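Structure file run_4.txt (compact mmCIF, C-alpha atoms and all ligand atoms) is printed below.
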# COMPACT_ATOMS: atom_id res chain seq x y z
CA MET J 22 -11.36 -1.06 119.63
CA SER J 23 -13.27 0.00 122.73
CA LYS J 24 -16.85 -0.14 123.93
CA TYR J 25 -18.58 3.11 124.82
CA PHE J 26 -21.89 3.96 126.52
CA ALA J 27 -23.82 6.38 124.31
CA ASP J 28 -27.15 8.26 124.61
CA LEU J 29 -27.69 10.24 121.43
CA HIS J 30 -30.94 12.09 122.01
CA ILE J 31 -30.94 14.56 124.92
CA HIS J 32 -32.90 17.82 124.72
CA ILE J 33 -31.93 21.29 125.93
CA GLY J 34 -34.50 23.22 127.95
CA ALA J 35 -32.71 26.53 128.33
CA ALA J 36 -29.59 28.40 127.32
CA GLY J 37 -26.89 29.26 129.88
CA ASP J 38 -28.46 32.73 130.37
CA GLY J 39 -31.81 31.12 131.33
CA LYS J 40 -33.58 31.95 128.06
CA PRO J 41 -35.76 29.06 126.80
CA VAL J 42 -34.63 26.72 124.01
CA LYS J 43 -37.06 23.82 123.98
CA ILE J 44 -40.22 24.84 125.82
CA THR J 45 -41.31 21.29 126.66
CA ALA J 46 -37.95 20.40 128.20
CA SER J 47 -36.89 21.21 131.77
CA ASN J 48 -35.01 24.52 132.09
CA SER J 49 -32.31 22.80 134.14
CA LEU J 50 -31.33 21.01 130.92
CA THR J 51 -28.66 23.46 129.78
CA PHE J 52 -25.81 22.37 127.54
CA GLU J 53 -23.40 22.58 130.46
CA ASN J 54 -25.63 20.72 132.96
CA ILE J 55 -26.25 17.91 130.48
CA VAL J 56 -22.54 17.42 129.88
CA LYS J 57 -21.72 17.36 133.60
CA GLU J 58 -24.62 15.08 134.57
CA SER J 59 -23.89 12.65 131.72
CA LYS J 60 -20.28 12.33 132.71
CA THR J 61 -20.38 12.29 136.50
CA ARG J 62 -23.68 10.72 137.50
CA LYS J 63 -24.67 8.70 134.45
CA GLY J 64 -21.27 7.44 133.35
CA LEU J 65 -21.82 7.98 129.63
CA ASP J 66 -18.92 8.31 127.15
CA LEU J 67 -20.71 9.72 124.12
CA ILE J 68 -23.81 11.94 124.07
CA GLY J 69 -25.91 13.49 121.33
CA ILE J 70 -27.23 16.86 122.45
CA ILE J 71 -30.25 17.89 120.40
CA ASP J 72 -31.46 21.50 119.96
CA CYS J 73 -27.98 22.77 119.05
CA ALA J 74 -29.42 24.43 115.93
CA SER J 75 -30.52 27.23 118.29
CA PRO J 76 -28.04 30.13 118.08
CA ARG J 77 -28.49 30.51 121.87
CA VAL J 78 -27.01 27.07 122.36
CA GLN J 79 -24.28 27.78 119.83
CA ASN J 80 -23.31 30.79 121.96
CA ASP J 81 -23.08 28.55 125.04
CA ILE J 82 -20.90 26.08 123.13
CA GLU J 83 -18.61 28.83 121.89
CA GLU J 84 -18.26 30.26 125.39
CA MET J 85 -17.28 26.84 126.73
CA ILE J 86 -14.75 26.47 123.90
CA GLU J 87 -13.29 29.90 124.69
CA SER J 88 -12.99 29.14 128.39
CA GLY J 89 -11.26 25.86 127.54
CA GLU J 90 -13.92 23.68 129.20
CA ILE J 91 -14.67 21.89 125.95
CA LYS J 92 -12.77 21.64 122.71
CA GLU J 93 -13.52 20.66 119.15
CA ILE J 94 -11.62 17.49 118.34
CA GLU J 95 -10.10 16.06 115.19
CA GLY J 96 -12.67 13.98 113.34
CA GLY J 97 -15.48 16.10 114.80
CA GLY J 98 -17.30 16.26 118.10
CA LEU J 99 -16.72 18.26 121.27
CA LYS J 100 -14.68 16.88 124.11
CA TYR J 101 -15.33 17.80 127.72
CA LYS J 102 -12.33 17.31 130.05
CA GLU J 103 -10.82 14.17 128.47
CA ASP J 104 -13.84 12.09 129.46
CA ILE J 105 -16.90 12.57 127.35
CA VAL J 106 -17.54 13.45 123.74
CA ILE J 107 -20.57 15.42 122.60
CA ILE J 108 -22.10 15.12 119.15
CA PRO J 109 -24.21 18.25 118.60
CA GLY J 110 -27.50 17.78 116.78
CA ALA J 111 -31.04 18.90 116.08
CA GLU J 112 -34.50 17.35 115.85
CA ILE J 113 -36.53 18.58 112.93
CA GLU J 114 -40.19 18.02 112.16
CA SER J 115 -41.26 17.43 108.58
CA ARG J 116 -44.55 17.93 106.83
CA GLU J 117 -44.65 15.11 104.32
CA GLU J 118 -46.62 15.30 101.09
CA ASN J 119 -49.25 12.91 102.49
CA GLY J 120 -49.76 15.22 105.50
CA GLY J 121 -47.77 13.02 107.90
CA MET J 122 -45.39 14.62 110.38
CA VAL J 123 -42.06 12.97 111.12
CA HIS J 124 -39.23 13.79 113.53
CA TYR J 125 -35.71 13.45 112.18
CA LEU J 126 -32.46 13.72 114.13
CA ALA J 127 -29.51 15.43 112.48
CA TYR J 128 -25.95 15.14 113.85
CA PHE J 129 -23.02 17.39 112.98
CA PRO J 130 -19.23 17.29 113.46
CA PHE J 131 -18.34 20.95 114.13
CA VAL J 132 -19.89 24.22 115.27
CA ASP J 133 -19.43 25.60 111.75
CA ASN J 134 -21.60 22.80 110.36
CA LEU J 135 -24.26 23.55 112.95
CA LYS J 136 -24.24 27.21 112.02
CA GLU J 137 -24.57 26.41 108.34
CA PHE J 138 -27.53 24.15 109.13
CA SER J 139 -29.19 26.85 111.31
CA THR J 140 -28.78 29.48 108.64
CA ILE J 141 -30.63 27.33 106.12
CA MET J 142 -33.25 26.13 108.62
CA ASP J 143 -33.91 29.72 109.73
CA GLN J 144 -35.84 30.15 106.47
CA TYR J 145 -38.26 27.37 107.41
CA ILE J 146 -38.53 27.55 111.21
CA THR J 147 -40.61 30.33 112.82
CA ASN J 148 -38.12 30.99 115.62
CA ILE J 149 -34.75 29.30 115.24
CA ASN J 150 -33.84 30.21 118.86
CA LEU J 151 -36.72 28.18 120.22
CA SER J 152 -36.33 24.62 119.10
CA SER J 153 -39.85 24.50 117.68
CA GLN J 154 -38.68 22.14 114.92
CA VAL J 155 -41.70 22.59 112.64
CA THR J 156 -40.44 23.21 109.11
CA GLY J 157 -42.97 22.34 106.43
CA LEU J 158 -40.16 20.49 104.62
CA THR J 159 -40.39 16.85 103.51
CA GLY J 160 -38.05 14.19 104.90
CA SER J 161 -36.23 14.12 101.61
CA GLU J 162 -35.63 17.89 101.73
CA ILE J 163 -34.44 17.72 105.35
CA LEU J 164 -32.03 14.94 104.37
CA GLN J 165 -30.58 17.06 101.57
CA ILE J 166 -30.13 20.10 103.81
CA THR J 167 -28.55 18.00 106.59
CA GLU J 168 -26.08 16.37 104.24
CA ALA J 169 -25.22 19.65 102.53
CA ALA J 170 -24.29 21.03 105.97
CA GLY J 171 -22.03 18.03 106.60
CA GLY J 172 -24.36 16.08 108.88
CA ILE J 173 -26.10 12.72 108.99
CA MET J 174 -29.81 12.13 109.44
CA VAL J 175 -31.59 9.47 111.50
CA PRO J 176 -35.40 9.17 111.75
CA ALA J 177 -36.41 9.56 115.43
CA HIS J 178 -38.64 7.26 117.54
CA VAL J 179 -39.94 5.78 114.29
CA PHE J 180 -43.02 3.95 115.59
CA THR J 181 -44.63 6.40 118.03
CA PRO J 182 -48.21 7.33 117.09
CA HIS J 183 -47.45 11.07 117.01
CA LYS J 184 -44.85 12.55 114.68
CA SER J 185 -42.90 9.57 113.50
CA PHE J 186 -41.95 7.83 110.29
CA TYR J 187 -43.91 4.58 110.58
CA GLY J 188 -46.25 5.62 113.39
CA ASN J 189 -47.65 8.71 111.76
CA ALA J 190 -46.71 8.86 108.10
CA PHE J 191 -45.57 5.85 106.10
CA GLU J 192 -45.70 2.08 105.71
CA SER J 193 -42.45 2.03 103.75
CA TYR J 194 -39.50 4.30 102.98
CA LYS J 195 -40.39 3.91 99.31
CA GLU J 196 -43.22 6.38 99.80
CA VAL J 197 -40.75 9.21 100.47
CA PHE J 198 -37.09 8.36 99.80
CA THR J 199 -35.26 7.21 96.68
CA GLU J 200 -33.03 4.12 97.05
CA GLN J 201 -30.00 6.37 97.15
CA GLU J 202 -31.47 8.62 99.83
CA TRP J 203 -32.53 5.64 101.92
CA SER J 204 -29.04 4.14 101.75
CA SER J 205 -27.52 7.40 103.04
CA ILE J 206 -29.60 7.07 106.24
CA PRO J 207 -27.49 4.78 108.43
CA ALA J 208 -29.84 4.13 111.33
CA ILE J 209 -33.27 4.54 112.87
CA GLU J 210 -34.15 5.30 116.47
CA LEU J 211 -36.43 2.68 118.01
CA GLY J 212 -38.16 4.89 120.58
CA LEU J 213 -39.15 3.87 124.09
CA SER J 214 -42.08 1.66 123.14
CA ALA J 215 -40.26 -0.57 120.65
CA ASP J 216 -37.33 -2.98 120.69
CA THR J 217 -35.34 -5.07 118.25
CA ASP J 218 -37.83 -7.95 118.29
CA LEU J 219 -40.61 -5.63 117.20
CA ALA J 220 -38.62 -3.60 114.65
CA ASP J 221 -37.07 -6.63 112.95
CA ARG J 222 -40.51 -7.57 111.67
CA LEU J 223 -39.99 -4.99 108.90
CA SER J 224 -37.65 -6.42 106.28
CA GLU J 225 -36.73 -2.96 104.95
CA LEU J 226 -35.03 -2.19 108.29
CA SER J 227 -32.68 -5.19 108.22
CA ASN J 228 -29.87 -3.08 106.82
CA LYS J 229 -30.33 -0.21 109.29
CA THR J 230 -28.53 0.15 112.60
CA PHE J 231 -30.90 0.52 115.56
CA LEU J 232 -30.39 3.23 118.17
CA SER J 233 -32.01 3.23 121.59
CA ASN J 234 -31.84 6.72 123.14
CA SER J 235 -33.46 8.45 126.09
CA ASP J 236 -35.14 11.42 124.29
CA ALA J 237 -34.65 13.04 127.71
CA HIS J 238 -36.69 16.18 128.43
CA SER J 239 -35.37 16.35 132.02
CA ILE J 240 -32.08 15.59 133.78
CA PRO J 241 -33.11 12.33 135.53
CA LYS J 242 -34.27 10.81 132.24
CA ILE J 243 -30.83 10.98 130.62
CA ALA J 244 -29.68 7.43 129.81
CA ARG J 245 -33.03 5.76 130.52
CA GLU J 246 -32.11 4.14 127.17
CA TYR J 247 -28.61 3.98 125.71
CA ASN J 248 -26.34 2.06 123.37
CA VAL J 249 -23.04 0.27 123.69
CA ILE J 250 -21.03 1.17 120.60
CA GLU J 251 -17.79 -0.51 119.64
CA MET J 252 -15.58 2.14 118.08
CA GLU J 253 -11.92 2.81 117.37
CA SER J 254 -12.04 6.18 119.08
CA LEU J 255 -14.56 8.77 120.16
CA ASN J 256 -15.25 11.32 117.48
CA PHE J 257 -17.89 12.16 114.89
CA THR J 258 -16.13 10.37 112.03
CA GLN J 259 -15.93 7.07 113.92
CA PHE J 260 -19.48 7.50 115.20
CA LYS J 261 -20.71 7.91 111.63
CA LYS J 262 -18.71 4.86 110.56
CA ALA J 263 -20.14 2.85 113.45
CA LEU J 264 -23.68 3.71 112.35
CA PHE J 265 -22.81 2.56 108.83
CA ARG J 266 -21.00 -0.46 110.37
CA GLN J 267 -17.71 0.33 108.64
CA ASP J 268 -14.26 -0.91 109.80
CA ASN J 269 -15.89 -3.48 112.12
CA GLN J 270 -17.44 -0.72 114.21
CA ASN J 271 -21.02 -1.30 115.27
CA ILE J 272 -23.69 -1.02 117.94
CA LYS J 273 -23.05 -4.04 120.16
CA GLU J 274 -25.95 -3.69 122.56
CA ASN J 275 -29.10 -1.64 122.92
CA TYR J 276 -30.15 -1.06 126.51
CA GLY J 277 -33.72 0.04 126.65
CA LEU J 278 -36.95 -0.04 128.50
CA ASP J 279 -39.05 -3.09 128.10
CA PRO J 280 -41.33 -1.73 125.32
CA ARG J 281 -44.29 -2.37 127.61
CA LEU J 282 -42.97 0.45 129.83
CA GLY J 283 -43.19 2.98 126.99
CA LYS J 284 -46.06 5.48 126.84
CA TYR J 285 -47.44 4.25 123.55
CA HIS J 286 -46.91 0.50 123.58
CA ARG J 287 -50.54 -0.58 123.22
CA SER J 288 -53.60 1.05 121.69
CA PHE J 289 -55.67 3.36 123.85
CA CYS J 290 -59.09 5.00 123.60
CA PRO J 291 -58.93 8.51 125.09
CA ASP J 292 -62.74 8.75 125.17
CA CYS J 293 -63.30 5.55 127.16
CA ASN J 294 -59.96 5.86 128.98
CA GLN J 295 -59.29 2.22 128.11
CA LYS J 296 -56.10 0.42 127.09
CA PHE J 297 -56.20 -2.72 124.95
CA ILE J 298 -53.58 -5.24 125.94
CA ASP J 299 -54.89 -8.43 124.34
CA HIS J 300 -53.49 -10.02 121.18
CA LYS J 301 -55.81 -8.23 118.78
CA THR J 302 -54.95 -5.13 116.80
CA ARG J 303 -57.74 -2.70 116.03
CA ALA J 304 -58.16 0.73 114.47
CA VAL J 305 -61.28 1.82 116.35
CA CYS J 306 -62.51 1.41 119.91
CA PRO J 307 -64.91 -1.57 120.22
CA ASN J 308 -66.91 0.37 122.85
CA CYS J 309 -67.44 3.79 121.29
CA GLY J 310 -66.28 3.26 117.70
CA LYS J 311 -63.90 6.24 117.78
CA LYS J 312 -60.33 6.18 116.50
CA LEU J 313 -57.74 4.74 118.89
CA ILE J 314 -54.31 6.17 119.69
CA LYS J 315 -52.58 3.29 118.01
CA GLY J 316 -50.00 1.49 120.13
CA VAL J 317 -46.50 0.96 118.78
CA LYS J 318 -46.89 -2.80 118.95
CA ASP J 319 -50.23 -2.65 117.17
CA ARG J 320 -48.81 -0.42 114.46
CA ILE J 321 -45.80 -2.67 113.88
CA LEU J 322 -47.96 -5.79 113.62
CA GLU J 323 -50.15 -3.92 111.14
CA ILE J 324 -47.30 -3.07 108.74
CA ALA J 325 -44.98 -6.06 109.42
CA ASP J 326 -43.96 -8.08 106.37
CA GLN J 327 -42.09 -10.87 108.15
CA GLU J 328 -41.78 -12.76 111.43
CA ILE J 329 -38.95 -11.60 113.73
CA LYS J 330 -35.73 -11.97 111.74
CA HIS J 331 -32.54 -10.46 113.19
CA PRO J 332 -29.77 -9.75 110.68
CA SER J 333 -26.33 -11.00 111.75
CA HIS J 334 -25.07 -7.47 112.51
CA ARG J 335 -27.90 -6.76 114.95
CA GLY J 336 -26.69 -6.15 118.50
CA GLU J 337 -28.38 -7.67 121.48
CA TYR J 338 -31.34 -5.76 122.95
CA ILE J 339 -31.33 -5.83 126.72
CA HIS J 340 -34.48 -4.78 128.55
CA GLN J 341 -33.50 -2.65 131.44
CA VAL J 342 -35.40 -0.64 134.02
CA PRO J 343 -33.91 2.78 134.85
CA LEU J 344 -32.83 2.84 138.50
CA LEU J 345 -35.30 5.61 139.46
CA ASP J 346 -38.20 3.58 138.02
CA ILE J 347 -37.59 0.69 140.42
CA PRO J 348 -40.18 0.86 143.24
CA GLY J 349 -38.36 1.76 146.43
CA ILE J 350 -35.57 3.71 144.76
CA GLY J 351 -36.01 7.43 145.26
CA LYS J 352 -33.58 10.31 144.95
CA LYS J 353 -32.00 9.57 148.34
CA THR J 354 -31.30 5.90 147.66
CA LEU J 355 -29.98 6.73 144.22
CA ALA J 356 -27.64 9.30 145.73
CA LYS J 357 -26.40 6.64 148.17
CA LEU J 358 -25.75 4.22 145.31
CA LEU J 359 -23.88 6.86 143.31
CA ASN J 360 -21.80 7.83 146.35
CA ASN J 361 -20.67 4.25 146.68
CA PHE J 362 -20.37 3.18 143.06
CA ASN J 363 -19.66 6.45 141.20
CA ASN J 364 -22.26 6.47 138.45
CA GLU J 365 -25.34 4.70 137.07
CA MET J 366 -23.44 2.69 134.45
CA GLU J 367 -21.27 1.31 137.27
CA VAL J 368 -24.32 0.37 139.35
CA ILE J 369 -26.05 -1.24 136.38
CA HIS J 370 -23.12 -2.97 134.70
CA HIS J 371 -20.26 -3.56 137.11
CA THR J 372 -21.44 -3.60 140.73
CA LYS J 373 -21.73 -7.12 142.15
CA PHE J 374 -24.94 -8.27 143.81
CA SER J 375 -23.02 -8.77 147.06
CA GLU J 376 -21.84 -5.15 146.90
CA LEU J 377 -25.42 -3.94 146.33
CA LYS J 378 -26.53 -5.84 149.43
CA GLU J 379 -24.04 -3.92 151.52
CA ILE J 380 -25.79 -0.65 150.60
CA LEU J 381 -29.43 -1.67 150.09
CA ASN J 382 -31.73 -3.88 152.13
CA ASP J 383 -32.22 -7.41 150.83
CA LYS J 384 -35.58 -6.80 149.18
CA LEU J 385 -34.40 -3.69 147.33
CA ALA J 386 -31.13 -5.30 146.27
CA GLN J 387 -33.15 -8.19 144.79
CA ARG J 388 -35.34 -5.72 142.90
CA VAL J 389 -32.33 -3.93 141.42
CA GLU J 390 -30.88 -7.29 140.41
CA LYS J 391 -34.13 -8.30 138.68
CA ALA J 392 -34.43 -4.93 136.96
CA ARG J 393 -30.90 -4.95 135.58
CA LYS J 394 -31.37 -8.50 134.31
CA GLY J 395 -34.68 -7.58 132.69
CA ASN J 396 -36.78 -9.85 134.95
CA ALA J 397 -39.09 -7.25 136.48
CA LYS J 398 -42.88 -7.77 136.18
CA ILE J 399 -44.49 -5.14 133.98
CA GLU J 400 -47.90 -3.71 133.10
CA SER J 401 -48.07 -2.28 129.53
CA GLY J 402 -48.35 1.45 128.85
CA GLY J 403 -50.54 3.14 126.22
CA GLY J 404 -52.15 6.40 125.07
CA GLY J 405 -49.48 8.58 126.66
CA ASN J 406 -49.28 6.77 130.02
CA TYR J 407 -46.09 4.94 130.85
CA GLY J 408 -46.18 1.23 131.71
CA LYS J 409 -45.42 0.24 135.30
CA ILE J 410 -43.28 -2.19 137.27
CA VAL J 411 -45.67 -4.22 139.43
ZN ZN Y 501 -39.35 13.68 118.66
ZN ZN Y 502 -36.79 14.40 120.95

Could I get this file's structure written as structure tokens?
Ligand SMILES: [Zn+2]
Ligand SMILES: [Zn+2]
Amino acid sequence: MSKYFADLHIHIGAAGDGKPVKITASNSLTFENIVKESKTRKGLDLIGIIDCASPRVQNDIEEMIESGEIKEIEGGGLKYKEDIVIIPGAEIESREENGGMVHYLAYFPFVDNLKEFSTIMDQYITNINLSSQVTGLTGSEILQITEAAGGIMVPAHVFTPHKSFYGNAFESYKEVFTEQEWSSIPAIELGLSADTDLADRLSELSNKTFLSNSDAHSIPKIAREYNVIEMESLNFTQFKKALFRQDNQNIKENYGLDPRLGKYHRSFCPDCNQKFIDHKTRAVCPNCGKKLIKGVKDRILEIADQEIKHPSHRGEYIHQVPLLDIPGIGKKTLAKLLNNFNNEMEVIHHTKFSELKEILNDKLAQRVEKARKGNAKIESGGGGNYGKIV
């Protein structure tokens, strides 16, 4: 059994020929650039590339297979040069019967499965080439389609106020899924504004594996959150088993932002431009009486049915600040660190403090040390504005 660094939610901005795929993502995020960046600079072992339902992306994948740069492996997944395995996926937006909109991630083993999924989704998505995601299907229908095409489904960033399972649509899975459907969903994605302590206040999640992913819309954001997964080997079959915690495979650690750094941690009034960071939860602004953009923390406390209770399988959640978010670390300093220590995972997990001090001045080395141990001082985010290191 080995431990692997995994970020399973990375978007594609453009196809290899420059044509757009996901409009809101950077156009330097091509399939090929993501794979190379994730391997060389980030130091990831397993990545989930979203937006692969676009036939443009499927063309890029097939070209890379033909040229021998990547290959489909036994058990599913795509391997790039012996070092990194890609799980291709999609993010789909539902329209639930109660009007709520939810993002779901779907992961697939082979290009053929992806194509099957795209062919079906083409009937519901306005332009399958552009990863617009909007389908008009319910979560239950998306689950059925995903499974029929050989994939697995995971609700994305489940607590964010816009387009998410608990943040935007439901208080419980019982409102949308049957017991059997719910049990075929192995995991949920926490999203940047939540962590294990917050999510384990919902008893219905105790049997779900938690994923912490970057949801990167640009290259530097890859691996701002990631997971350490203990698996027998890197392929889709073992990944699926790890999410279901079969054969002793499991997520061992979630590395994520302190939830206070997320954009939607606390409630925010867009009219008064005010964030509420006290211990109260409220639905409307006490100043103007208008509806607040509910913070993730506030939403969780609203629907929680228990105090924090971690099931025994739950991995440790480690609050970590991405290197580029540490004040004083810009592109140049990061490049210097990567030149000396290879990749970000090395800098964060294996480089000794004494080695850091050889490259960085004392003050900066101390800051990196604090950030990787989760001791940085933080001001909460809300209403679409990220929190800050102070
Ligand atoms: Zn999303
Ligand atoms: Zn996303």

Neighbour list for J:Lys409 as a ChimeraX atom specification, cut-off 9 Å, all atoms listed in the file, skip fewer than 4 positions in-chain:
/J:281-282,346,398-402

Within 10 Å of ligand ZN 501 (chain Y), which residues of chain J come that close, and what is the closest atom pair and distance in Å for each? Count all atoms listed in the file and give it as JSON lines.
{"residue": "J:His30", "atom": "CA", "partner": "Y:ZN501", "partner_atom": "ZN", "distance": 9.2}
{"residue": "J:His32", "atom": "CA", "partner": "Y:ZN501", "partner_atom": "ZN", "distance": 9.8}
{"residue": "J:Glu112", "atom": "CA", "partner": "Y:ZN501", "partner_atom": "ZN", "distance": 6.7}
{"residue": "J:Ile113", "atom": "CA", "partner": "Y:ZN501", "partner_atom": "ZN", "distance": 8.0}
{"residue": "J:Glu114", "atom": "CA", "partner": "Y:ZN501", "partner_atom": "ZN", "distance": 7.9}
{"residue": "J:Val123", "atom": "CA", "partner": "Y:ZN501", "partner_atom": "ZN", "distance": 8.0}
{"residue": "J:His124", "atom": "CA", "partner": "Y:ZN501", "partner_atom": "ZN", "distance": 5.1}
{"residue": "J:Tyr125", "atom": "CA", "partner": "Y:ZN501", "partner_atom": "ZN", "distance": 7.4}
{"residue": "J:Leu126", "atom": "CA", "partner": "Y:ZN501", "partner_atom": "ZN", "distance": 8.2}
{"residue": "J:Gln154", "atom": "CA", "partner": "Y:ZN501", "partner_atom": "ZN", "distance": 9.3}
{"residue": "J:Pro176", "atom": "CA", "partner": "Y:ZN501", "partner_atom": "ZN", "distance": 9.1}
{"residue": "J:Ala177", "atom": "CA", "partner": "Y:ZN501", "partner_atom": "ZN", "distance": 6.0}
{"residue": "J:His178", "atom": "CA", "partner": "Y:ZN501", "partner_atom": "ZN", "distance": 6.6}
{"residue": "J:Val179", "atom": "CA", "partner": "Y:ZN501", "partner_atom": "ZN", "distance": 9.0}
{"residue": "J:Thr181", "atom": "CA", "partner": "Y:ZN501", "partner_atom": "ZN", "distance": 9.0}
{"residue": "J:His183", "atom": "CA", "partner": "Y:ZN501", "partner_atom": "ZN", "distance": 8.7}
{"residue": "J:Lys184", "atom": "CA", "partner": "Y:ZN501", "partner_atom": "ZN", "distance": 6.9}
{"residue": "J:Ser185", "atom": "CA", "partner": "Y:ZN501", "partner_atom": "ZN", "distance": 7.5}
{"residue": "J:Gly212", "atom": "CA", "partner": "Y:ZN501", "partner_atom": "ZN", "distance": 9.1}
{"residue": "J:Asp236", "atom": "CA", "partner": "Y:ZN501", "partner_atom": "ZN", "distance": 7.4}

Mind checking which residues fall within 10 Å of J:Glu192, counting only C-alpha atoms, ignoring those fewer than 5 positions away in the same chain, and posting them as a PyMOL selection string?
chain J and resi 186-187+223+320-321+323-325

Pull C-alpha atoms from the residues just selected and write them as a PDB file, in the coordinates of the input.
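Below you can see result07.pdb, which holds the result:
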ATOM      1  CA  PHE J 186     -41.950   7.830 110.290  1.00  0.00           C
ATOM      2  CA  TYR J 187     -43.910   4.580 110.580  1.00  0.00           C
ATOM      3  CA  LEU J 223     -39.990  -4.990 108.900  1.00  0.00           C
ATOM      4  CA  ARG J 320     -48.810  -0.420 114.460  1.00  0.00           C
ATOM      5  CA  ILE J 321     -45.800  -2.670 113.880  1.00  0.00           C
ATOM      6  CA  GLU J 323     -50.150  -3.920 111.140  1.00  0.00           C
ATOM      7  CA  ILE J 324     -47.300  -3.070 108.740  1.00  0.00           C
ATOM      8  CA  ALA J 325     -44.980  -6.060 109.420  1.00  0.00           C
TER       9      ALA J 325
END

Any idea what's packed within 7 Å of stretch 193-208 of chain J, counting all atoms listed in the file, ignoring anything in its chain fewer than 4 positions away? Could you give it as a short mmCIF file (atom, residue, chain, number, x, y, z; two decimals) with C-alpha atoms, keeping the file's coordinate frame?
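Produced file result.cif, reproduced below:
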data_model
loop_
_atom_site.label_atom_id
_atom_site.label_comp_id
_atom_site.auth_asym_id
_atom_site.auth_seq_id
_atom_site.Cartn_x
_atom_site.Cartn_y
_atom_site.Cartn_z
CA SER J 161 -36.23 14.12 101.61
CA MET J 174 -29.81 12.13 109.44
CA VAL J 175 -31.59 9.47 111.50
CA LYS J 229 -30.33 -0.21 109.29
CA THR J 230 -28.53 0.15 112.60
CA PHE J 231 -30.90 0.52 115.56
CA LEU J 232 -30.39 3.23 118.17
CA LEU J 264 -23.68 3.71 112.35
CA PHE J 265 -22.81 2.56 108.83
#

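Across the structure, atom CA of J:Asp216 and atom CA of J:Cys306 are spaced 25.6 Å apart.
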
Dig up all the protein and nucleic acid residues within 12 Å of (-56.2, 7.4, 117.5) in the file frame, using all atoms listed in the file, and format them as a PyMOL selection string.
chain J and resi 181-183+188-189+285+287-292+296+303-306+310-317+319-320+403-405

Pick the closest to ligand ZN 502 (chain Y) from J:Thr156, J:Glu58, J:Gly64, J:Ile243: which is it, counting only C-alpha atoms and all ligand atoms?
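Residue with the minimum atom-to-atom distance to ligand ZN 502 (chain Y): J:Ile243.
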
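Closest approach to ligand ZN 502 (chain Y) among J:Ile68, J:Ala46, J:Ile146, J:Met22 is made by J:Ala46 (distances from only C-alpha atoms and all ligand atoms).
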
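Here the question is which of J:Lys92, J:Lys301, J:Lys60, J:His238 gets nearest to ligand ZN 502 (chain Y) using only C-alpha atoms and all ligand atoms, and that residue is J:His238.
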